[in-house]
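Coordinates as given in data-v6.txt (compact mmCIF, C-alpha atoms and all ligand atoms):
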```txt
# COMPACT_ATOMS: atom_id res chain seq x y z
CA MET A 359 0.00 0.00 0.00
CA PRO A 360 1.53 3.34 -1.01
CA ALA A 361 2.36 5.85 1.72
CA PRO A 362 -0.36 8.48 2.30
CA PRO A 363 0.23 12.05 1.11
CA CYS A 364 2.01 14.40 3.51
CA ALA A 365 -0.54 15.98 5.87
CA SER A 366 1.29 19.31 5.65
CA CYS A 367 2.16 19.95 1.99
CA GLY A 368 -0.22 17.40 0.43
CA LYS A 369 2.19 16.92 -2.45
CA ALA A 370 4.96 14.53 -1.43
CA ARG A 371 4.35 11.06 -0.01
CA ALA A 372 4.65 10.81 3.76
CA ALA A 373 7.96 9.36 4.98
CA LEU A 374 6.92 8.88 8.63
CA ARG A 375 4.19 9.18 11.19
CA ARG A 376 5.17 11.48 14.03
CA PRO A 377 5.47 9.29 17.13
CA ARG A 378 3.38 11.53 19.38
CA SER A 379 0.73 12.96 17.08
CA GLY A 380 0.52 10.21 14.45
CA GLN A 381 0.65 12.95 11.79
CA ALA A 382 1.94 11.63 8.43
CA LEU A 383 4.62 13.93 7.05
CA CYS A 384 7.12 13.94 4.21
CA ARG A 385 10.78 14.27 5.02
CA THR A 386 10.94 18.00 4.18
CA CYS A 387 7.87 18.93 6.22
CA PHE A 388 8.99 16.83 9.20
CA CYS A 389 12.43 18.50 9.32
CA ALA A 390 10.82 21.95 8.96
CA ALA A 391 8.32 21.16 11.75
CA PHE A 392 11.09 19.86 14.03
CA GLU A 393 13.17 23.02 13.50
CA ALA A 394 10.14 25.25 14.02
CA GLU A 395 9.37 23.52 17.32
CA VAL A 396 12.94 24.02 18.57
CA LEU A 397 12.72 27.67 17.50
CA HIS A 398 9.47 28.00 19.43
CA THR A 399 11.06 26.42 22.53
CA VAL A 400 13.95 28.90 22.40
CA VAL A 401 11.83 31.98 21.65
CA ALA A 402 8.91 31.22 23.99
CA GLY A 403 11.28 30.32 26.81
CA ARG A 404 13.51 33.33 26.11
CA LEU A 405 16.45 30.97 26.31
CA LEU A 406 18.95 32.70 24.02
CA PRO A 407 18.88 36.50 23.63
CA ARG A 408 19.99 38.16 20.42
CA GLY A 409 23.76 38.62 20.37
CA ALA A 410 24.37 35.56 22.57
CA VAL A 411 27.59 33.65 22.01
CA VAL A 412 26.40 30.11 22.49
CA ALA A 413 28.68 27.25 23.50
CA VAL A 414 27.19 23.99 22.23
CA GLY A 415 28.27 21.02 24.34
CA ALA A 416 29.33 18.70 21.52
CA SER A 417 29.90 15.01 22.23
CA GLY A 418 29.65 13.62 18.70
CA GLY A 419 26.46 11.75 19.72
CA LYS A 420 23.07 12.12 18.07
CA ASP A 421 21.58 14.65 20.47
CA SER A 422 24.36 17.22 20.41
CA THR A 423 24.80 16.67 16.66
CA VAL A 424 21.13 17.41 16.02
CA LEU A 425 21.22 20.36 18.41
CA ALA A 426 24.24 21.93 16.69
CA HIS A 427 22.72 21.38 13.25
CA VAL A 428 19.34 22.85 14.17
CA LEU A 429 20.83 25.87 15.96
CA ARG A 430 23.11 26.50 12.98
CA GLU A 431 19.99 26.60 10.79
CA LEU A 432 18.23 28.92 13.25
CA ALA A 433 21.22 31.13 14.16
CA PRO A 434 20.52 33.89 11.61
CA ARG A 435 16.90 34.22 12.80
CA LEU A 436 17.87 34.07 16.47
CA GLY A 437 20.79 36.48 16.02
CA ILE A 438 23.21 34.21 17.87
CA SER A 439 26.67 32.85 17.10
CA LEU A 440 27.80 29.32 17.87
CA GLN A 441 30.94 27.72 19.28
CA LEU A 442 31.33 23.97 19.60
CA VAL A 443 32.89 22.93 22.89
CA ALA A 444 33.84 19.28 23.33
CA VAL A 445 35.09 17.59 26.47
CA ASP A 446 37.75 14.88 26.38
CA GLU A 447 37.08 12.88 29.53
CA GLY A 448 40.04 10.60 28.91
CA ILE A 449 38.10 7.38 28.25
CA GLY A 450 40.21 4.96 26.27
CA GLY A 451 38.52 3.18 23.37
CA TYR A 452 35.58 5.58 23.28
CA ARG A 453 36.18 9.30 23.38
CA ASP A 454 38.78 9.53 20.60
CA ALA A 455 36.33 8.16 18.04
CA ALA A 456 33.54 10.41 19.34
CA LEU A 457 35.80 13.47 19.15
CA ALA A 458 36.69 12.57 15.56
CA ALA A 459 32.97 12.88 14.74
CA VAL A 460 32.86 16.32 16.40
CA ARG A 461 35.89 17.43 14.36
CA ARG A 462 34.20 16.32 11.14
CA GLN A 463 31.06 18.26 12.10
CA ALA A 464 33.02 21.41 12.90
CA ALA A 465 34.83 21.23 9.57
CA ARG A 466 31.66 20.54 7.56
CA TRP A 467 29.59 23.23 9.26
CA GLU A 468 32.48 25.70 9.53
CA LEU A 469 31.93 26.14 13.26
CA PRO A 470 34.79 26.91 15.65
CA LEU A 471 35.64 23.96 17.89
CA THR A 472 37.43 23.94 21.24
CA VAL A 473 38.30 20.71 23.06
CA VAL A 474 38.96 20.80 26.80
CA ALA A 475 40.41 17.75 28.53
CA TYR A 476 39.87 16.48 32.07
CA ALA A 477 43.61 15.75 32.30
CA ASP A 478 44.45 19.44 31.69
CA LEU A 479 41.68 20.89 33.83
CA PHE A 480 41.81 18.50 36.77
CA GLY A 481 45.46 18.01 37.65
CA GLY A 482 46.06 15.02 35.40
CA TRP A 483 42.90 13.10 36.34
CA THR A 484 41.23 11.34 33.43
CA MET A 485 37.95 9.45 33.72
CA ASP A 486 39.84 6.17 33.31
CA ALA A 487 42.08 7.17 36.23
CA VAL A 488 39.03 8.12 38.33
CA ALA A 489 37.44 4.76 37.49
CA ARG A 490 40.58 2.92 38.62
CA SER A 491 40.73 4.99 41.79
CA THR A 492 37.09 4.38 42.73
CA ALA A 493 36.99 0.69 41.74
CA GLY A 494 37.04 -1.94 44.44
CA SER A 495 35.63 0.24 47.17
CA GLY A 496 32.31 -1.50 46.83
CA ARG A 497 30.49 1.79 47.18
CA SER A 498 31.03 3.44 43.84
CA ARG A 499 27.66 3.28 42.09
CA SER A 500 28.83 4.21 38.62
CA CYS A 501 31.45 6.24 36.86
CA CYS A 502 28.73 8.43 35.36
CA THR A 503 27.97 9.88 38.78
CA PHE A 504 31.50 11.22 39.02
CA CYS A 505 31.86 12.02 35.34
CA GLY A 506 28.70 14.13 35.34
CA VAL A 507 30.10 16.46 37.98
CA LEU A 508 33.45 16.87 36.22
CA ARG A 509 31.93 17.25 32.78
CA ARG A 510 29.62 20.01 33.90
CA ARG A 511 32.64 21.86 35.26
CA ALA A 512 34.71 21.16 32.11
CA LEU A 513 31.98 22.46 29.82
CA GLU A 514 31.70 25.62 31.90
CA GLU A 515 35.48 26.13 31.66
CA GLY A 516 35.46 25.51 27.91
CA ALA A 517 32.57 27.91 27.38
CA ARG A 518 34.34 30.65 29.33
CA LEU A 519 37.52 30.01 27.34
CA VAL A 520 35.73 30.85 24.07
CA GLY A 521 33.92 33.87 25.50
CA ALA A 522 30.49 32.25 25.47
CA THR A 523 27.57 33.94 27.20
CA HIS A 524 25.34 30.85 27.23
CA ILE A 525 25.69 27.07 27.24
CA VAL A 526 23.32 24.69 25.47
CA THR A 527 23.22 20.91 25.84
CA GLY A 528 21.45 18.27 23.78
CA HIS A 529 19.24 16.68 26.43
CA ASN A 530 15.97 15.55 24.88
CA ALA A 531 12.60 14.84 26.50
CA ASP A 532 13.46 11.18 27.16
CA ASP A 533 16.70 12.17 28.92
CA MET A 534 14.80 14.61 31.11
CA ALA A 535 12.04 12.11 31.93
CA GLU A 536 14.69 9.54 32.91
CA THR A 537 16.27 12.08 35.23
CA VAL A 538 12.94 12.88 36.86
CA LEU A 539 12.26 9.16 37.32
CA MET A 540 15.71 8.58 38.82
CA ASN A 541 15.20 11.43 41.25
CA PHE A 542 11.82 10.04 42.29
CA LEU A 543 13.24 6.53 42.70
CA ARG A 544 15.99 7.91 44.91
CA GLY A 545 13.74 10.26 46.81
CA ASP A 546 16.09 13.07 45.83
CA VAL A 547 13.79 16.02 46.52
CA GLY A 548 16.58 18.56 46.16
CA ARG A 549 17.19 17.57 42.58
CA LEU A 550 13.49 17.23 41.86
CA ALA A 551 13.06 20.80 43.05
CA ARG A 552 15.78 22.02 40.71
CA GLY A 553 14.88 19.70 37.82
CA GLY A 554 12.10 21.68 36.16
CA GLY A 555 12.22 24.31 33.47
CA LEU A 556 14.20 24.45 30.28
CA GLY A 557 17.45 25.52 31.87
CA SER A 558 19.08 27.52 34.61
CA ALA A 559 19.60 31.24 34.69
CA GLY A 560 23.21 30.92 35.80
CA GLU A 561 23.18 31.23 39.55
CA GLY A 562 26.36 31.85 41.48
CA GLY A 563 28.27 33.31 38.55
CA ALA A 564 27.79 30.23 36.34
CA LEU A 565 26.88 30.78 32.70
CA PRO A 566 23.16 30.37 31.89
CA ARG A 567 22.41 26.89 30.54
CA CYS A 568 19.48 25.60 28.55
CA ARG A 569 18.24 22.52 26.70
CA PRO A 570 16.50 23.52 23.46
CA LEU A 571 15.64 19.87 22.63
CA GLN A 572 14.04 19.23 26.01
CA LEU A 573 10.55 18.88 24.53
CA ALA A 574 11.67 16.80 21.52
CA SER A 575 11.29 13.05 21.75
CA GLN A 576 14.29 10.80 21.32
CA LYS A 577 12.59 9.07 18.38
CA GLU A 578 12.20 12.36 16.54
CA VAL A 579 15.80 13.35 17.26
CA VAL A 580 16.90 10.09 15.62
CA LEU A 581 14.51 10.63 12.70
CA TYR A 582 15.78 14.18 12.18
CA ALA A 583 19.39 12.95 12.17
CA HIS A 584 18.41 10.27 9.67
CA PHE A 585 16.54 12.55 7.28
CA ARG A 586 19.23 15.24 7.43
CA ARG A 587 21.86 12.52 6.91
CA LEU A 588 23.87 13.75 9.88
CA ASP A 589 27.18 12.08 10.66
CA TYR A 590 27.28 11.18 14.35
CA PHE A 591 28.94 8.68 16.66
CA SER A 592 26.54 6.09 18.01
CA GLU A 593 28.62 3.77 20.18
CA GLU A 594 28.01 3.70 23.89
CA CYS A 595 30.59 4.83 26.42
CA VAL A 596 32.39 1.92 28.07
CA TYR A 597 31.10 3.02 31.49
CA ALA A 598 27.46 3.54 30.48
CA PRO A 599 26.20 -0.04 31.05
CA GLU A 600 26.81 0.21 34.80
CA ALA A 601 24.75 3.38 35.16
CA PHE A 602 21.50 3.37 37.17
CA ARG A 603 20.04 5.49 34.38
CA GLY A 604 19.69 2.30 32.32
CA HIS A 605 17.05 1.00 34.76
CA ALA A 606 15.13 4.27 34.56
CA ARG A 607 15.32 4.06 30.76
CA ASP A 608 13.89 0.51 30.74
CA LEU A 609 11.11 1.53 33.09
CA LEU A 610 10.29 4.58 30.99
CA LYS A 611 9.96 2.41 27.86
CA LEU A 612 7.40 0.24 29.65
CA LEU A 613 5.51 3.30 30.85
CA GLU A 614 5.54 4.87 27.40
CA ALA A 615 4.18 1.68 25.82
CA ALA A 616 1.21 1.84 28.19
CA ARG A 617 0.80 5.61 28.09
CA PRO A 618 2.44 7.43 25.13
CA SER A 619 2.36 10.79 26.90
CA ALA A 620 4.36 9.45 29.87
CA VAL A 621 7.65 11.08 28.77
CA LEU A 622 6.31 14.61 28.45
CA ASP A 623 4.05 14.17 31.47
CA LEU A 624 7.11 13.38 33.59
CA VAL A 625 9.05 16.34 32.18
CA HIS A 626 6.17 18.71 32.97
CA SER A 627 5.55 17.14 36.38
CA ALA A 628 9.02 18.25 37.49
CA GLU A 629 8.12 21.82 36.51
CA ARG A 630 4.98 21.80 38.63
CA LEU A 631 6.28 20.16 41.76
CA ALA A 632 5.93 22.13 44.95
CA LEU A 633 8.01 21.00 47.90
CA ALA A 634 6.91 21.25 51.49
CA PRO A 635 9.03 23.87 53.30
CA SER A 636 10.64 21.14 55.44
CA ALA A 637 11.78 19.28 52.30
CA ARG A 638 13.35 22.26 50.58
CA PRO A 639 17.13 22.13 50.17
CA PRO A 640 19.12 24.58 52.29
CA PRO A 641 20.19 27.86 50.74
CA ALA A 642 23.21 27.42 48.49
CA ARG A 643 26.64 28.40 49.73
CA THR A 644 29.76 29.38 47.81
CA CYS A 645 32.62 26.92 47.30
CA SER A 646 35.57 28.13 49.33
CA ARG A 647 37.96 26.95 46.62
CA CYS A 648 36.47 27.93 43.26
CA GLY A 649 33.52 30.17 44.10
CA ALA A 650 30.90 27.93 42.47
CA LEU A 651 27.57 27.18 44.16
CA ALA A 652 27.95 24.53 46.85
CA SER A 653 25.82 22.76 49.43
CA GLY A 654 28.81 22.38 51.75
CA ALA A 655 32.19 24.02 52.15
CA LEU A 656 33.27 22.82 48.71
CA CYS A 657 31.31 22.37 45.49
CA GLN A 658 30.84 18.87 44.11
CA ALA A 659 33.72 19.11 41.64
CA CYS A 660 36.22 20.48 44.17
CA ALA A 661 35.13 17.91 46.78
CA LEU A 662 35.59 15.10 44.27
CA LEU A 663 39.01 16.32 43.11
CA ASP A 664 40.12 16.91 46.67
CA GLY A 665 39.20 13.34 47.58
CA LEU A 666 40.93 11.92 44.52
CA ASP A 667 44.11 13.86 45.27
CA ARG A 668 44.13 12.56 48.84
CA GLY A 669 43.57 9.01 47.64
CA ARG A 670 40.12 9.04 49.21
CA PRO A 671 37.74 9.51 46.32
CA ARG A 672 34.35 10.42 47.64
CA LEU A 673 31.53 12.69 46.85
CA ALA A 674 28.49 13.37 48.91
CA ILE A 675 25.73 15.06 47.02
CA GLY A 676 22.13 14.43 46.21
CA LYS A 677 19.78 13.29 48.93
CA GLY A 678 21.92 14.28 51.85
CA ARG A 679 23.40 17.64 52.59
CA ARG A 680 26.92 16.51 53.20
CA GLY A 681 29.89 18.28 51.77
CA LEU A 682 33.60 17.88 52.24
CA ASP A 683 33.25 19.09 55.77
CA GLU A 684 31.04 16.11 56.53
CA MET A 685 32.95 13.21 55.06
CA GLY A 686 30.28 10.61 54.39
CA PRO A 687 27.83 8.89 56.69
CA ARG A 688 28.50 9.03 60.40
CA GLY A 689 30.74 6.22 61.44
CA ALA A 690 31.74 5.29 57.90
CA PRO A 691 35.46 5.02 57.27
CA ARG A 692 36.71 8.12 55.47
CA GLU A 693 38.36 5.98 52.80
CA GLN A 694 35.05 4.72 51.49
CA VAL A 695 33.78 6.05 48.23
CA GLN A 696 30.43 7.75 48.41
CA ALA A 697 29.06 8.34 44.98
CA PRO A 698 26.68 11.18 44.27
CA ALA A 699 23.04 10.31 44.00
CA SER A 700 22.79 11.94 40.61
CA GLU A 701 24.01 10.66 37.34
CA ALA A 702 24.85 12.33 34.09
CA VAL A 703 23.00 11.66 30.89
CA PRO A 704 25.45 9.60 28.84
CA SER A 705 25.71 12.30 26.25
CA PHE A 706 25.80 16.08 26.38
FE1 LIG B 801 30.94 10.04 31.43
FE2 LIG B 801 28.89 9.73 29.74
FE3 LIG B 801 30.76 7.85 29.90
FE4 LIG B 801 29.06 8.17 31.93
S1 LIG B 801 28.52 7.52 29.85
S2 LIG B 801 31.28 7.93 32.10
S3 LIG B 801 28.74 10.41 31.89
S4 LIG B 801 31.06 9.96 29.19
ZN ZN B 802 34.62 24.46 43.91
```
Can you present the structure in this file as structure tokens?
Amino acid sequence: MPAPPCASCGKARAALRRPRSGQALCRTCFCAAFEAEVLHTVVAGRLLPRGAVVAVGASGGKDSTVLAHVLRELAPRLGISLQLVAVDEGIGGYRDAALAAVRRQAARWELPLTVVAYADLFGGWTMDAVARSTAGSGRSRSCCTFCGVLRRRALEEGARLVGATHIVTGHNADDMAETVLMNFLRGDVGRLARGGGLGSAGEGGALPRCRPLQLASQKEVVLYAHFRRLDYFSEECVYAPEAFRGHARDLLKLLEAARPSAVLDLVHSAERLALAPSARPPPARTCSRCGALASGALCQACALLDGLDRGRPRLAIGKGRRGLDEMGPRGAPREQVQAPASEAVPSF
């Protein structure tokens, strides 16, 4: 049976049905609709003002590739300029190939690219070295919990290096729903309270961050990459399989099969949550070492690096309110690794 005509132009044959709406569209109309929706997200949310120098966190993966491509298309209308910023975490057998994809994108799209490396920023620590240091303690939940903290810091440093005024990352709706689910499953009310909205305004001197693809489904991101024939790196990081996020992802797939709106419902639920006063996180402090926002004496990144340098890798963030000045649970040996309760999305 031939494909139906495109519901938008009525001329070409439809190439897909949109996963959420079921609307049959041709390739051209789908890509135009996808770009228009990202434009609407940015404009309606006032995410990127005219004149903004935008650092795009580029990992070589599908999400950041689609984000960079769409923003490059929209840049003249938005009045923004783009810089690609990639982070080399120092993960053997993975990151080099992903960075090669970012370099090809930068060359093809004629976008400036800056690569910042954990080893340079963090006193020689690579993610592989962190993984070796935290292994065997029996308490390290996953490398992603540590990597997420360092990568956030590295992207901030890279963005400042290129004179960016804003940072954008490629998190899509599925990523955000997984994060909300993880926070619920862990009872992490502090993160639930901060998890809503399309980005952060840049508290504590940090650059404003936003996620223009936050309302786009993962399926449509993949379809857009396919129809635009984008060149991206699709292998999984060697540390990703151990991440708790994988369980949230599996659960979300089951929920979505039963209720197709589950992904967006979860994303919006985080925006509408109201915490009881007793559950609200304490007011943020300033890291005594780097000046970033912190819940204790040191921010997460400084606490982690401090622990690694002392041979006692640990990090206490998330549910509790412990910082470096409260080294883990009462009575626990200081050498034990305490991983943060949060976990990075395994892509930018
Ligand atoms: Fe870091 Fe992503 Fe790899 Fe986790 S999956 S270790 S967050 S690069
Ligand atoms: Zn700090």
How close does segment 483-568 of chain A get to segment 656-670 of chain A? List, as a Markdown table, each residue of segment 483-568 of chain A within 10 Å, its nearest atom pair and the distance in Å to one decimal, counting all atoms listed in the file.
```
| residue | atom | partner | partner_atom | distance |
| --- | --- | --- | --- | --- |
| A:Trp483 | CA | A:Leu663 | CA | 8.4 |
| A:Ala487 | CA | A:Leu666 | CA | 9.6 |
| A:Val488 | CA | A:Leu666 | CA | 7.5 |
| A:Ser491 | CA | A:Leu666 | CA | 7.5 |
| A:Thr492 | CA | A:Arg670 | CA | 8.5 |
| A:Phe504 | CA | A:Leu662 | CA | 7.7 |
| A:Cys505 | CA | A:Ala659 | CA | 9.7 |
| A:Gly506 | CA | A:Ala659 | CA | 9.5 |
| A:Val507 | CA | A:Ala659 | CA | 5.8 |
| A:Leu508 | CA | A:Ala659 | CA | 5.9 |
| A:Arg509 | CA | A:Ala659 | CA | 9.2 |
| A:Arg510 | CA | A:Ala659 | CA | 8.8 |
| A:Arg511 | CA | A:Ala659 | CA | 7.0 |
| A:Ala512 | CA | A:Ala659 | CA | 9.8 |
```
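Nearest to Gln572 of chain A of all the residues A:Gly403, A:Gly419, A:Pro363, A:Gly481 is A:Gly403, counting only C-alpha atoms.
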**Distance criterion (only C-alpha atoms): nearest to Tyr597 of chain A out of A:Asp421, A:Asp446, A:Asp486, A:Asp454** =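 Residue with the minimum atom-to-atom distance to Tyr597 of chain A: A:Asp486.
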What are the closest atom pairs, with distances in Å to one decimal, for each residue of chain A lying within 10 Å of ligand LIG 801 (chain B), using all atoms listed in the file, rows by chain and rising residue number, as a tab-separated table?
```
residue	atom	partner	partner_atom	distance
A:Ser417	CA	B:LIG801	S4	8.7
A:Val445	CA	B:LIG801	S4	9.0
A:Asp446	CA	B:LIG801	S4	8.8
A:Glu447	CA	B:LIG801	S4	6.7
A:Gly448	CA	B:LIG801	S4	9.0
A:Ile449	CA	B:LIG801	FE3	7.5
A:Tyr452	CA	B:LIG801	FE3	8.5
A:Arg453	CA	B:LIG801	S4	7.8
A:Met485	CA	B:LIG801	S2	7.0
A:Asp486	CA	B:LIG801	S2	8.8
A:Val488	CA	B:LIG801	S2	9.9
A:Ala489	CA	B:LIG801	S2	8.8
A:Ser500	CA	B:LIG801	FE4	7.8
A:Cys501	CA	B:LIG801	S2	5.1
A:Cys502	CA	B:LIG801	FE4	3.5
A:Thr503	CA	B:LIG801	S3	7.0
A:Phe504	CA	B:LIG801	S2	7.7
A:Cys505	CA	B:LIG801	FE1	4.5
A:Gly506	CA	B:LIG801	S3	5.1
A:Val507	CA	B:LIG801	S3	8.7
A:Leu508	CA	B:LIG801	FE1	8.7
A:Arg509	CA	B:LIG801	FE1	7.4
A:Arg510	CA	B:LIG801	S3	9.8
A:Glu594	CA	B:LIG801	S1	7.1
A:Cys595	CA	B:LIG801	FE3	4.6
A:Val596	CA	B:LIG801	FE3	6.4
A:Tyr597	CA	B:LIG801	S2	5.0
A:Ala598	CA	B:LIG801	S1	4.2
A:Pro599	CA	B:LIG801	S1	8.0
A:Glu600	CA	B:LIG801	FE4	8.8
A:Ala601	CA	B:LIG801	FE4	7.2
A:Arg603	CA	B:LIG801	FE4	9.7
A:Glu701	CA	B:LIG801	S3	7.2
A:Ala702	CA	B:LIG801	S3	4.9
A:Val703	CA	B:LIG801	S3	6.0
A:Pro704	CA	B:LIG801	FE2	3.6
A:Ser705	CA	B:LIG801	FE2	5.4
A:Phe706	CA	B:LIG801	FE2	7.8
```
**Item:** A:Ala475, A:Ala620, A:Ala564, A:Ala394 ranked by distance to ligand ZN 802 (chain B), top pick (using all atoms listed in the file)
**Value:**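 Once distances to ligand ZN 802 (chain B) are computed over all atoms listed in the file, the minimum belongs to A:Ala564.
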**Item:** atom CA of Ala628 of chain A to atom CA of Ala551 of chain A, distance in Å rounded to a single decimal
**Value:**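 Between these atoms lies a distance of 7.3 Å.
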**Item:** segment 586-588 of chain A environment, 9 Å, all atoms listed in the file, sequence neighbours closer than 6 positions dropped, as a list in words
**Value:** Arg385, Cys389, Lys420, Thr423, Val424, His427 and Gln463 of chain A
**Item:** Two-atom distance - atom CA of Phe542 of chain A, atom CA of Ser379 of chain A (Å)
**Value:** 27.7 Å
**Request:** Please indicate the distance in Å from atom CA of Ala559 of chain A to atom CA of Val473 of chain A, rounded to one decimal place.
**Result:**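 Interatomic distance, atom CA of Ala559 of chain A to atom CA of Val473 of chain A: 24.4 Å.
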**Asked** Got a sec: who's within 8 Å of Val412 of chain A, counting all atoms listed in the file, leaving out chain neighbours fewer than 6 positions off, as an MDAnalysis selection string?
**Response** chainID A and resid 438:441 522:526
**Prompt:** Of the candidates A:Pro640, A:Gly418, A:Gly516, A:Gly654, which one gets nearest to ligand ZN 802 (chain B) if we count only C-alpha atoms and all ligand atoms?
**Reply:**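 Under the stated criterion, the closest residue is A:Gly654.
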List as a compact mmCIF listing (two decimals) with C-alpha atoms, in the coordinates of the input: which residues have an atom within 6 Å of (19.2, 20.4, 23.3), counting only C-alpha atoms?
```
# COMPACT_ATOMS: atom_id res chain seq x y z
CA LEU A 425 21.22 20.36 18.41
CA THR A 527 23.22 20.91 25.84
CA GLY A 528 21.45 18.27 23.78
CA HIS A 529 19.24 16.68 26.43
CA ARG A 569 18.24 22.52 26.70
CA PRO A 570 16.50 23.52 23.46
CA LEU A 571 15.64 19.87 22.63
CA GLN A 572 14.04 19.23 26.01
```
**Item:** 12 Å contact set for Glu561 of chain A, all atoms listed in the file, chain neighbours under 6 positions out, as a list in words
**Value:**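 Surrounding residues, per the criterion: Arg552, Arg567, Ala642, Arg643, Thr644, Gly649, Ala650, Leu651 and Ala652 of chain A.
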**Message:** Using all atoms listed in the file for the distances, tell me which of A:Ala606, A:Ala426, A:Ala535, A:Leu581 is nearest to Cys384 of chain A.
**Reply:** A:Leu581
**Complete:** From the list A:Phe591, A:Phe585, A:Tyr476, A:Phe388, the nearest residue to Ser422 of chain A using all atoms listed in the file is A:Phe591
